[in-house]
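The next block holds one structure in the form of structure tokens; read it before the comments.
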Amino acid sequence: MIIQSLLDTDLYKFTMMQVVLHHFPGAMAEYRFKCRSRGVDLTPMLPRIREEIRHLCSVRFRKDELDYLRGLRFMKGDFVDLLRLFQLDEGFIDVREAPQVNGGVDITIRGPWLHTILFEVPVLAIVSESFFVHTQPQPNLDEGLRRLADKIAAVNAHPDPAFKISDFGTRRRFSREWHRRVIQVLRDRMHDRFVGTSNVMLAREYDLLPLGTMAHEYLQACQAVGPRLRDSQKFAFDTWAKEYRGDLGIALTDICGVDAFLRDFDLFFVKLFDGVRHDSGDPFEWGEKLLAHYALMRVDAHNKSFVFSDSLNIPLCIQLYERFHTRCRPAFGMGTNLTNDLGYTPLQVVIKMTRCNGQPVAKISDTPEKTMDYDPSYVNYLREVFEVSGPLPESSD
């Protein structure tokens, strides 16, 4: 089976889940699946997807896995104790055929936020691997290794040893075993130039740094669980800071666009957070805007991390590093181009939160060509409240 450990997910799922336990334990959530790849038919994979999800819902945390999580200084004892009892519930996820929509597959997740938050990443990994098992039963792994070797050579050849990359590619990987092989090769051939991985299982397996803080769903949910919509970003960052007290200090900037983020990211947050993460829009424009904002706040950005994580490849990482490394600390979380680059077209699939506590939630980021089926009247209201002009964009994590 594809998912053999509940650690086979991104770290930020656990960091957000801990916040949910301590601050929003009764919140209810809804997530919807979207396939953005045109001309893809996922219906032949439906039986396998259902079987894999059924198996996912039988997996429990092992003692050694819980001991690993307990060893992370930002994980609290009561949260790890909860995970000891945790199991995903198949009753909270519905998978059905949907002709002419999402590649013919509709996946909806509904239930308590605390008990549904861990579905997203493994379900997307299941869909991606099921697709490639069906369409590429004998993949050209040698081609994948050649492409990976080219990436490694380009990074290792860079004259500045501070230029490094990390892996953020769990959800749209080619397969679990290919992901494992990529991580092993990166660790063995890049050494310190490979920072770590967002995948907790592989970080533990290969003694790497697990990476991640927050995702869009956290800020979206705060639109519903916070005191008022206009203050939802500030509320999200305040709550995060109360939970982690200086750990995990990277703020996500594009829930309502970077301009709305900067209006809320005042001197208190600028000083409090270690840096920011880019996930949509032009990364060069974004970097310049953030640097100008730090300058306006009279805060030196040289020690602030600028984490780039949107559709990265090695040439783009190098360009961004050359542009910004003398003014901040650029970091690079590579996703699909690292874990699904064997010569085949990766699936563009996402699962996004669409409702929380019965009311619509949404994101309005900075990439207009990527859309999600949010409630249009709510999106218009969100735009008005956060003074967002232009098209209605949305980007993948």
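Scheme for the structure tokens: letters A, B, ... for chains in order shown; per-chain residue numbers from 1; ligand numbers from 1 in order shown.
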
Residues flagged helix (DSSP H, G or I) by DSSP in region 105-329 of chain A, as number ranges by chain: A: 113-116, 120-135, 141-156, 176-193, 200-205, 216-225, 229-244, 258-264, 267-272, 283-296, 301-303, 314-324

How would the residues just chosen look if you wrote them out with C-alpha atoms as a short mmCIF file (atom, residue, chain, number, x, y, z; two decimals), in the first residue's frame?
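Just written: out16.cif:
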```cif
data_model
loop_
_atom_site.label_atom_id
_atom_site.label_comp_id
_atom_site.auth_asym_id
_atom_site.auth_seq_id
_atom_site.Cartn_x
_atom_site.Cartn_y
_atom_site.Cartn_z
CA TRP A 113 -10.85 19.98 11.79
CA LEU A 114 -8.77 18.14 14.35
CA HIS A 115 -9.75 14.78 12.87
CA THR A 116 -9.60 15.66 9.16
CA GLU A 120 -4.88 16.17 2.55
CA VAL A 121 -1.25 15.26 1.86
CA PRO A 122 -1.50 11.44 1.88
CA VAL A 123 -4.69 11.51 -0.22
CA LEU A 124 -3.00 13.67 -2.85
CA ALA A 125 0.02 11.36 -2.78
CA ILE A 126 -2.35 8.41 -3.25
CA VAL A 127 -4.03 10.04 -6.26
CA SER A 128 -0.69 10.95 -7.85
CA GLU A 129 0.92 7.54 -7.37
CA SER A 130 -2.22 5.66 -8.43
CA PHE A 131 -2.26 7.69 -11.65
CA PHE A 132 1.35 6.90 -12.49
CA VAL A 133 1.07 3.22 -11.56
CA HIS A 134 -1.75 3.06 -14.10
CA THR A 135 -0.23 5.22 -16.85
CA LEU A 141 13.92 5.55 -13.55
CA ASP A 142 17.28 6.04 -15.27
CA GLU A 143 15.93 9.19 -16.90
CA GLY A 144 14.72 10.41 -13.52
CA LEU A 145 18.15 9.78 -12.00
CA ARG A 146 19.83 11.60 -14.88
CA ARG A 147 17.62 14.65 -14.36
CA LEU A 148 18.23 14.50 -10.63
CA ALA A 149 21.99 14.30 -11.20
CA ASP A 150 21.83 17.43 -13.36
CA LYS A 151 20.08 19.29 -10.54
CA ILE A 152 22.62 18.13 -7.99
CA ALA A 153 25.53 19.12 -10.24
CA ALA A 154 24.08 22.60 -10.76
CA VAL A 155 23.65 23.20 -7.03
CA ASN A 156 27.02 21.74 -6.06
CA ARG A 176 6.63 6.85 -2.35
CA GLU A 177 9.65 4.75 -3.31
CA TRP A 178 10.84 7.27 -5.88
CA HIS A 179 10.53 10.01 -3.25
CA ARG A 180 12.62 7.92 -0.87
CA ARG A 181 15.25 7.37 -3.55
CA VAL A 182 15.40 11.09 -4.38
CA ILE A 183 15.93 11.98 -0.73
CA GLN A 184 18.66 9.37 -0.32
CA VAL A 185 20.52 10.58 -3.42
CA LEU A 186 20.23 14.23 -2.39
CA ARG A 187 21.52 13.48 1.08
CA ASP A 188 24.43 11.37 -0.15
CA ARG A 189 25.55 13.63 -3.00
CA MET A 190 24.74 17.13 -1.76
CA HIS A 191 25.63 16.83 1.92
CA ASP A 192 25.21 20.28 3.54
CA ARG A 193 23.75 21.74 0.36
CA VAL A 200 8.44 13.79 8.44
CA MET A 201 8.81 10.07 7.72
CA LEU A 202 11.77 10.62 5.40
CA ALA A 203 13.35 13.23 7.67
CA ARG A 204 13.32 10.64 10.45
CA GLU A 205 14.48 7.82 8.18
CA HIS A 216 -3.04 28.27 3.68
CA GLU A 217 -5.74 26.26 5.43
CA TYR A 218 -4.67 27.68 8.80
CA LEU A 219 -5.13 31.28 7.70
CA GLN A 220 -8.31 30.38 5.84
CA ALA A 221 -9.81 28.77 8.93
CA CYS A 222 -8.99 31.87 10.96
CA GLN A 223 -11.43 33.74 8.70
CA ALA A 224 -14.13 31.70 10.45
CA VAL A 225 -12.76 31.10 13.96
CA LEU A 229 -12.75 38.83 9.10
CA ARG A 230 -10.65 41.97 8.70
CA ASP A 231 -8.45 40.90 11.61
CA SER A 232 -8.16 37.24 10.60
CA GLN A 233 -4.52 37.42 9.43
CA LYS A 234 -3.40 39.23 12.57
CA PHE A 235 -5.40 36.79 14.67
CA ALA A 236 -3.74 33.84 12.91
CA PHE A 237 -0.23 35.18 13.49
CA ASP A 238 -0.97 36.12 17.10
CA THR A 239 -2.36 32.66 17.85
CA TRP A 240 0.63 31.02 16.16
CA ALA A 241 3.05 33.06 18.23
CA LYS A 242 1.22 32.18 21.45
CA GLU A 243 1.50 28.49 20.61
CA TYR A 244 5.14 28.36 19.51
CA VAL A 258 0.93 40.10 -0.58
CA ASP A 259 -0.31 43.71 -0.39
CA ALA A 260 -3.01 42.80 2.13
CA PHE A 261 -0.43 40.77 4.03
CA LEU A 262 1.94 43.72 4.27
CA ARG A 263 -0.81 45.94 5.67
CA ASP A 264 -1.21 43.46 8.53
CA LEU A 267 6.44 46.14 13.22
CA PHE A 268 5.42 43.68 15.93
CA PHE A 269 5.18 40.77 13.48
CA VAL A 270 8.20 41.92 11.46
CA LYS A 271 10.32 41.65 14.60
CA LEU A 272 8.57 38.56 15.96
CA PRO A 283 8.90 35.85 -6.79
CA PHE A 284 11.21 38.71 -7.77
CA GLU A 285 8.50 41.35 -7.29
CA TRP A 286 7.49 39.66 -4.05
CA GLY A 287 11.05 39.74 -2.72
CA GLU A 288 11.47 43.41 -3.54
CA LYS A 289 8.15 44.25 -1.86
CA LEU A 290 9.15 42.39 1.29
CA LEU A 291 12.57 44.04 1.40
CA ALA A 292 10.97 47.47 0.98
CA HIS A 293 8.56 46.63 3.80
CA TYR A 294 11.39 45.64 6.15
CA ALA A 295 13.19 48.86 5.26
CA LEU A 296 10.02 50.85 5.96
CA ALA A 301 16.43 42.00 6.61
CA HIS A 302 19.88 40.40 6.36
CA ASN A 303 18.98 37.79 8.98
CA ILE A 314 17.11 24.89 -10.13
CA PRO A 315 17.69 27.72 -12.66
CA LEU A 316 14.98 29.79 -10.98
CA CYS A 317 16.45 29.08 -7.54
CA ILE A 318 19.85 30.28 -8.75
CA GLN A 319 18.36 33.47 -10.22
CA LEU A 320 16.51 34.20 -6.98
CA TYR A 321 19.59 33.50 -4.91
CA GLU A 322 21.72 35.86 -7.02
CA ARG A 323 19.06 38.57 -6.71
CA PHE A 324 18.51 38.40 -2.97
#
```

DSSP-assigned strand (DSSP E) among region 147-367 of chain A, expressed as a ChimeraX atom specification: /A:165-167,194-197,209-210,250-252,275-278,305-308,329-334,349-356,359-360

Spatial neighbours of Ile109 (chain A), 10 Å, only C-alpha atoms, chain gap at least 2 places, as a PyMOL selection string: chain A and resi 29-33+90-95+107+111-113+116-117+119-120+351-354

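Shortest atom-to-atom contact with Pro99 (chain A) among A:Leu42, A:Ala331, A:Met75, A:Val80: A:Leu42, counting only C-alpha atoms.
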
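Distances from A:Pro159, A:Pro139, A:Gly281, A:Pro44 to Gly104 (chain A) were compared using only C-alpha atoms, and the smallest one belongs to A:Pro44.
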
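Going from CA of Cys35 (chain A) over to CA of Asn102 (chain A), you cover 4.5 Å.
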